[in-house]
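Data from run_15.txt: compact mmCIF, C-alpha atoms
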```
# COMPACT_ATOMS: atom_id res chain seq x y z
CA MET B 10 -40.82 -3.38 -6.71
CA LEU B 11 -37.58 -4.30 -5.04
CA TRP B 12 -36.73 -7.92 -4.70
CA PRO B 13 -37.00 -8.69 -0.97
CA PHE B 14 -33.79 -10.73 -0.86
CA ASN B 15 -31.38 -8.10 -2.19
CA HIS B 16 -29.38 -8.27 1.01
CA PHE B 17 -28.27 -11.81 0.06
CA ARG B 18 -26.43 -10.64 -3.03
CA LYS B 19 -22.69 -10.55 -3.04
CA PRO B 20 -21.26 -7.04 -2.84
CA ARG B 21 -20.63 -5.54 -6.23
CA ALA B 22 -17.06 -5.93 -7.41
CA PRO B 23 -15.19 -2.65 -7.53
CA SER B 24 -14.91 -1.15 -10.99
CA ARG B 25 -11.67 -1.52 -12.88
CA GLY B 26 -11.52 2.26 -13.15
CA THR B 27 -11.67 2.63 -9.36
CA ILE B 28 -8.89 0.11 -8.87
CA GLU B 29 -6.74 1.69 -11.59
CA ALA B 30 -7.24 5.17 -10.12
CA ILE B 31 -6.37 4.13 -6.58
CA TYR B 32 -3.43 1.96 -7.63
CA GLY B 33 -2.18 4.82 -9.82
CA MET B 34 -2.29 7.12 -6.80
CA ILE B 35 -0.29 4.60 -4.76
CA VAL B 36 2.36 4.21 -7.47
CA THR B 37 2.61 7.95 -8.02
CA GLN B 38 3.08 8.60 -4.30
CA ALA B 39 5.65 5.81 -3.98
CA ARG B 40 7.66 7.51 -6.74
CA GLU B 41 7.69 10.87 -4.95
CA PRO B 42 11.35 11.99 -5.05
CA LEU B 43 11.25 13.39 -1.49
CA PHE B 44 11.12 9.87 -0.06
CA TYR B 45 14.40 9.06 -1.73
CA ARG B 46 16.11 12.42 -1.32
CA ASP B 47 14.97 13.46 2.17
CA LEU B 48 13.82 10.30 3.95
CA GLY B 49 16.65 8.00 2.94
CA VAL B 50 14.67 5.41 1.00
CA PRO B 51 17.18 3.71 -1.34
CA ASP B 52 16.42 4.64 -4.95
CA THR B 53 16.68 1.02 -6.04
CA VAL B 54 14.27 -1.64 -7.24
CA ASN B 55 13.99 -2.92 -3.67
CA GLY B 56 13.55 0.57 -2.21
CA ARG B 57 10.79 1.36 -4.67
CA PHE B 58 9.11 -1.99 -4.00
CA ASP B 59 9.21 -1.37 -0.24
CA LEU B 60 7.72 2.10 -0.59
CA LEU B 61 5.00 0.73 -2.87
CA VAL B 62 4.19 -1.94 -0.26
CA LEU B 63 4.06 0.72 2.48
CA HIS B 64 1.50 2.76 0.58
CA LEU B 65 -0.50 -0.29 -0.41
CA TRP B 66 -0.59 -1.32 3.28
CA VAL B 67 -1.83 2.15 4.29
CA VAL B 68 -4.69 1.99 1.78
CA LEU B 69 -5.63 -1.63 2.49
CA ARG B 70 -5.90 -0.80 6.22
CA ARG B 71 -8.53 1.79 5.38
CA PHE B 72 -10.45 -0.56 3.11
CA LYS B 73 -10.95 -3.17 5.85
CA PRO B 74 -13.97 -1.48 7.50
CA ALA B 75 -15.44 -0.14 4.23
CA GLU B 76 -18.51 -1.74 2.72
CA GLY B 77 -17.21 -4.23 0.20
CA GLY B 78 -13.73 -3.69 1.61
CA ALA B 79 -12.69 -7.31 1.19
CA SER B 80 -13.44 -7.37 -2.54
CA LEU B 81 -11.88 -3.95 -3.01
CA SER B 82 -8.76 -5.02 -1.11
CA GLN B 83 -8.49 -8.20 -3.17
CA ALA B 84 -8.89 -6.31 -6.43
CA LEU B 85 -6.24 -3.80 -5.40
CA PHE B 86 -3.86 -6.57 -4.31
CA ASP B 87 -4.48 -8.38 -7.61
CA ARG B 88 -3.61 -5.17 -9.47
CA PHE B 89 -0.38 -4.92 -7.47
CA CYS B 90 0.47 -8.53 -8.40
CA ASP B 91 -0.25 -7.86 -12.08
CA ASP B 92 2.03 -4.83 -11.92
CA MET B 93 4.83 -6.81 -10.25
CA ASP B 94 4.49 -9.57 -12.86
CA ALA B 95 4.63 -7.04 -15.71
CA ASN B 96 7.66 -5.33 -14.18
CA LEU B 97 9.52 -8.62 -13.87
CA ARG B 98 8.85 -9.44 -17.49
CA GLU B 99 9.87 -5.94 -18.56
CA MET B 100 13.17 -6.40 -16.69
CA GLY B 101 13.75 -9.57 -18.71
CA VAL B 102 12.97 -12.19 -16.08
CA GLY B 103 12.17 -15.45 -17.85
CA ASP B 104 8.78 -17.14 -17.80
CA LEU B 105 10.05 -20.01 -15.67
CA THR B 106 11.48 -17.68 -13.02
CA VAL B 107 8.51 -15.28 -12.75
CA PRO B 108 6.39 -17.54 -10.48
CA LYS B 109 9.27 -17.95 -8.00
CA ARG B 110 9.86 -14.22 -7.93
CA MET B 111 6.13 -13.56 -7.51
CA GLN B 112 6.08 -15.95 -4.56
CA ALA B 113 8.98 -14.01 -3.04
CA PHE B 114 7.05 -10.74 -3.59
CA GLY B 115 4.01 -12.23 -1.88
CA GLU B 116 6.05 -13.40 1.09
CA ALA B 117 7.71 -9.99 1.35
CA PHE B 118 4.35 -8.23 1.16
CA TYR B 119 2.68 -10.37 3.82
CA GLY B 120 5.73 -10.25 6.07
CA ARG B 121 5.91 -6.47 5.93
CA VAL B 122 2.16 -6.04 6.40
CA ALA B 123 2.27 -8.25 9.51
CA ALA B 124 5.29 -6.37 10.87
CA TYR B 125 3.72 -2.96 10.21
CA ASP B 126 0.35 -3.95 11.69
CA GLN B 127 1.99 -5.29 14.84
CA ALA B 128 4.34 -2.32 15.15
CA LEU B 129 1.54 0.21 14.60
CA SER B 130 -0.45 -1.35 17.42
CA LEU B 131 2.54 -0.79 19.72
CA GLY B 132 3.20 2.84 18.83
CA GLU B 133 5.33 5.21 16.80
CA GLU B 134 8.78 3.91 17.80
CA PRO B 135 8.07 0.24 16.98
CA LEU B 136 6.70 1.35 13.61
CA ALA B 137 9.85 3.39 13.01
CA GLN B 138 11.95 0.34 13.86
CA ALA B 139 9.97 -1.85 11.45
CA LEU B 140 10.27 0.75 8.69
CA CYS B 141 13.98 1.14 9.40
CA LYS B 142 14.52 -2.59 9.06
CA ASN B 143 12.34 -3.16 5.99
CA ILE B 144 12.75 0.03 3.99
CA LEU B 145 15.97 1.69 5.11
CA ASP B 146 18.01 -1.50 5.50
CA GLY B 147 18.49 -0.70 9.20
CA ALA B 148 20.59 2.31 8.26
CA ASP B 149 18.92 5.40 9.72
CA VAL B 150 16.40 5.26 12.57
CA VAL B 151 16.03 9.06 12.59
CA LYS B 152 14.77 9.04 9.00
CA ALA B 153 12.68 5.96 9.81
CA ARG B 154 10.97 7.95 12.56
CA ARG B 155 10.09 10.60 9.99
CA LEU B 156 8.79 7.87 7.69
CA ALA B 157 6.68 6.49 10.56
CA ILE B 158 5.19 9.93 11.16
CA TYR B 159 4.39 10.14 7.46
CA ALA B 160 2.71 6.69 7.50
CA GLU B 161 0.66 7.57 10.59
CA THR B 162 -0.39 10.86 9.00
CA ALA B 163 -1.45 9.04 5.82
CA ILE B 164 -3.41 6.48 7.87
CA ALA B 165 -5.13 9.22 9.86
CA GLY B 166 -6.02 11.11 6.68
CA LEU B 167 -7.59 8.05 5.09
CA THR B 168 -9.39 7.11 8.31
CA GLY B 169 -11.18 10.46 8.24
CA LEU B 170 -12.56 9.94 4.74
CA ASP B 171 -16.09 8.85 4.00
CA GLU B 172 -16.48 5.83 1.75
CA VAL B 173 -17.72 7.79 -1.27
CA THR B 174 -14.59 9.94 -1.24
CA LEU B 175 -12.39 6.93 -0.60
CA LEU B 176 -13.86 4.77 -3.35
CA GLY B 177 -14.05 7.70 -5.73
CA ALA B 178 -10.29 8.14 -5.45
CA ALA B 179 -11.06 11.77 -4.55
CA TRP B 180 -8.26 12.11 -2.01
CA THR B 181 -4.52 12.53 -1.88
CA PHE B 182 -1.70 11.26 0.25
CA PRO B 183 0.02 13.79 2.50
CA SER B 184 3.27 15.30 1.36
CA PRO B 185 6.35 13.58 2.75
CA ALA B 186 8.01 17.02 2.90
CA GLY B 187 6.83 17.82 6.41
CA ALA B 188 7.15 14.33 7.88
CA GLY B 189 8.80 14.74 11.22
CA ALA B 190 9.94 18.28 10.47
CA GLN B 191 9.01 19.19 14.04
CA HIS B 192 11.40 16.55 15.41
```
Could you quickly redo this structure as structure tokens?
Amino acid sequence: MLWPFNHFRKPRAPSRGTIEAIYGMIVTQAREPLFYRDLGVPDTVNGRFDLLVLHLWVVLRRFKPAEGGASLSQALFDRFCDDMDANLREMGVGDLTVPKRMQAFGEAFYGRVAAYDQALSLGEEPLAQALCKNILDGADVVKARRLAIYAETAIAGLTGLDEVTLLGAAWTFPSPAGAGAQH
């Protein structure tokens, strides 16, 4: 017999394996050489951070409407924070400085997410401008437009996925190779 109050339970926390798989996909995509070679993303610590944040934003947008999306989003964000902390320590940042740098990462993340959400609601060109400012250091709006097309394509691809596929990490990001090739 099923307990009649099962609907009062908290949603099950996402498995560590699910979070690791999805975060691994995000990191792998953010390291794709085409972003750096063809789309003008600076191949620097900051450029890699910005591309990681872009992909994390794309995935977190899709998790919002999913069942248990809030806990999944939090677990994925926590994994991102753990990764940033580990990277700082690997680069030799001292224990006393790590919290300040993590605060800066958090501010950068939330600032970019807010800018991308607002820009996306206004259309392709505002998103391109936001990406140009945050990822390309304001240097190349043409490549930023291609990056915006890529981001919109990734968002559309994830939007079309059912939750089982999404949570099973049984999907891929689109290739950045064709982003804006028609423009």
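Of the residues under consideration (B:Ala157, B:Leu105, B:Leu43, B:Val67), B:Ala157 shows the shortest atom-to-atom contact distance to Ala128 in chain B when counting only C-alpha atoms.
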Each residue of range 103-155 of chain B with at least one atom at most 10 Å from range 168-188 of chain B should appear once, together with its nearest atom pair and the corresponding distance in Å (one decimal); atoms considered: all atoms listed in the file; ordering: chain, then increasing residue number; output as CSV.
```
residue,atom,partner,partner_atom,distance
B:Lys152,CA,B:Ala188,CA,9.3
B:Arg154,CA,B:Ala188,CA,8.8
B:Arg155,CA,B:Ala188,CA,5.2
```
Same residues, C-alpha atoms, saved as an mmCIF file, in the coordinates of the input:
```cif
data_model
loop_
_atom_site.group_PDB
_atom_site.id
_atom_site.type_symbol
_atom_site.label_atom_id
_atom_site.label_comp_id
_atom_site.auth_asym_id
_atom_site.auth_seq_id
_atom_site.Cartn_x
_atom_site.Cartn_y
_atom_site.Cartn_z
ATOM 1 C CA LYS B 152 14.770 9.040 9.000
ATOM 2 C CA ARG B 154 10.970 7.950 12.560
ATOM 3 C CA ARG B 155 10.090 10.600 9.990
#
```
Next on the checklist: Can you pull out the residues contacting range 48-50 of chain B? Cut-off 12 Å, using only C-alpha atoms, and skip same-chain residues under 2 positions away; I want them as a ChimeraX atom specification.
Outcome noted: /B:39-46,52-61,63,140-159,184-190
Next on the checklist: For a quick check of understanding, using all atoms listed in the file, which of B:Thr162, B:Ser80, B:Thr37, B:Gln112 has the smallest distance to Glu133 in chain B?
Outcome noted: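 Closest residue, counting all atoms listed in the file: B:Thr162.
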Checklist entry - From the list B:His64, B:Asp94, B:Glu76, B:Lys109, which residue is nearest Val122 in chain B when using only C-alpha atoms? => result B:His64
Item to check | Gap from CA of Glu161 in chain B to CA of Ala137 in chain B - Å, one decimal | outcome: 10.4 Å
Next on the checklist: List as a PyMOL selection string the protein and nucleic acid residues near Leu65 in chain B, meaning an atom at most 12 Å away when only C-alpha atoms are counted, but skip any in the same chain fewer than 4 places from it.
Outcome noted: chain B and resi 28+31-39+58-61+69-72+82-90+118-119+121-122+125+160+163-164+182
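Among the candidates B:Gly77, B:Asp92, B:Pro51, B:Leu131, the one nearest to Ser24 in chain B when counting all atoms listed in the file is B:Gly77.
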Checklist entry - What does the distance between CA of Met111 in chain B and CA of Leu97 in chain B come to in Å, to one decimal place? => result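 Separation of CA of Met111 in chain B and CA of Leu97 in chain B: 8.7 Å.
Reported to one decimal place, the separation of CA of Val102 in chain B from CA of Leu81 in chain B is 29.3 Å.
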Checklist entry - From the list B:Pro108, B:Trp66, B:Arg98, B:Pro74, which residue is nearest Asp126 in chain B when using all atoms listed in the file? => result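 Checking each of B:Pro108, B:Trp66, B:Arg98, B:Pro74 against Asp126 in chain B, counting all atoms listed in the file, the winner is B:Trp66.
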